[in-house]
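Novice: Pasting in a structure now, in structure tokens, and then I'll have a few things to ask.
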Amino acid sequence: MNTIAPQTLDRMFDDRSARTHMDYDGACQTCGDRLRIAIDRLESGFGLLGGVLFEMPSGQILAQCARCYRRRRNSPEVDPRRVA
């Protein structure tokens, strides 16, 4: 599962006729809590606040809340700073 590609975010903005801001409303794919991710188009790319979007090979978009993403990033199986 990879974080969402900038090209996909561009398509999402184009499909919604949004210029610089849109919100993604959904549920965290890990804990199930409702979440809203604010997505802003910036000069240098995109800014996301409130969570992370992932893009599946099938094109499906999944969301994860910031709390679950931080937990995942700091777990022993994905944190390269930890030594077993």
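Chain identifiers are assigned as A, B, and so on, following the order in which chains appear in the structure tokens; residues are numbered from 1 within each chain, and ligands are numbered from 1 in order of appearance.
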Taking the DSSP secondary structure from the backbone, can you list the residues of chain A that are strand (DSSP E or B), as number ranges by chain?
Specialist: A: 2-3, 21-27, 34-42, 45-49, 51-55, 61-65
Novice: Fewer than 5 positions away in the same chain doesn't count, so skip those; otherwise give me all residues within 7 Å of His21 in chain A, counting only C-alpha atoms, as number ranges by chain.
Specialist: A: 39-41
Novice: I want to know what sits within 9 Å of Gln29 in chain A, based on only C-alpha atoms, with residues of the same chain fewer than 4 positions away left out; could you give that as a PyMOL selection string?
Specialist: chain A and resi 33+62-65
Novice: Let's have the selection written as a compact mmCIF listing (two decimals), in the first residue's frame, with N, CA and C atoms.
Specialist:
```
# COMPACT_ATOMS: atom_id res chain seq x y z
N ASP A 33 -12.80 4.81 12.77
CA ASP A 33 -13.32 6.13 13.16
C ASP A 33 -13.55 6.98 11.92
N LEU A 62 -7.77 4.53 0.08
CA LEU A 62 -8.03 4.21 1.48
C LEU A 62 -7.48 5.34 2.33
N ALA A 63 -8.13 5.57 3.46
CA ALA A 63 -7.71 6.64 4.37
C ALA A 63 -7.31 6.04 5.71
N GLN A 64 -6.37 6.71 6.36
CA GLN A 64 -5.98 6.32 7.70
C GLN A 64 -5.87 7.59 8.54
N CYS A 65 -6.43 7.54 9.75
CA CYS A 65 -6.36 8.72 10.61
C CYS A 65 -4.92 8.95 11.06
```
Novice: Just to confirm, what's the straight-line distance from CA of Gly59 in chain A to CA of Pro6 in chain A in Å (one decimal)?
Specialist: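 Interatomic distance, CA of Gly59 in chain A to CA of Pro6 in chain A: 13.3 Å.
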Novice: What lies within 8 Å of Asp23 in chain A using only C-alpha atoms, ignoring chain neighbours under 6 positions off, as a list in words?
Specialist: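 The contact residues come out as Arg36, Ile37, Ala38 and Ile39 of chain A.
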Novice: For Phe54 in chain A, which residue among A:Asp15, A:Arg70, A:Asn2, A:Ala27 is the nearest when counting only C-alpha atoms?
Specialist: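 Distance minimum relative to Phe54 in chain A lands on A:Asn2.
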Novice: What is the CA of Phe46 in chain A-CA of Gln60 in chain A distance in Å, reported with one decimal?
Specialist: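 Answer for the CA of Phe46 in chain A to CA of Gln60 in chain A separation: 19.2 Å.
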Novice: Give me every helix (DSSP H, G or I) residue in chain A, going by DSSP on the backbone, as a ChimeraX atom specification.
Specialist: /A:6-15,66-73
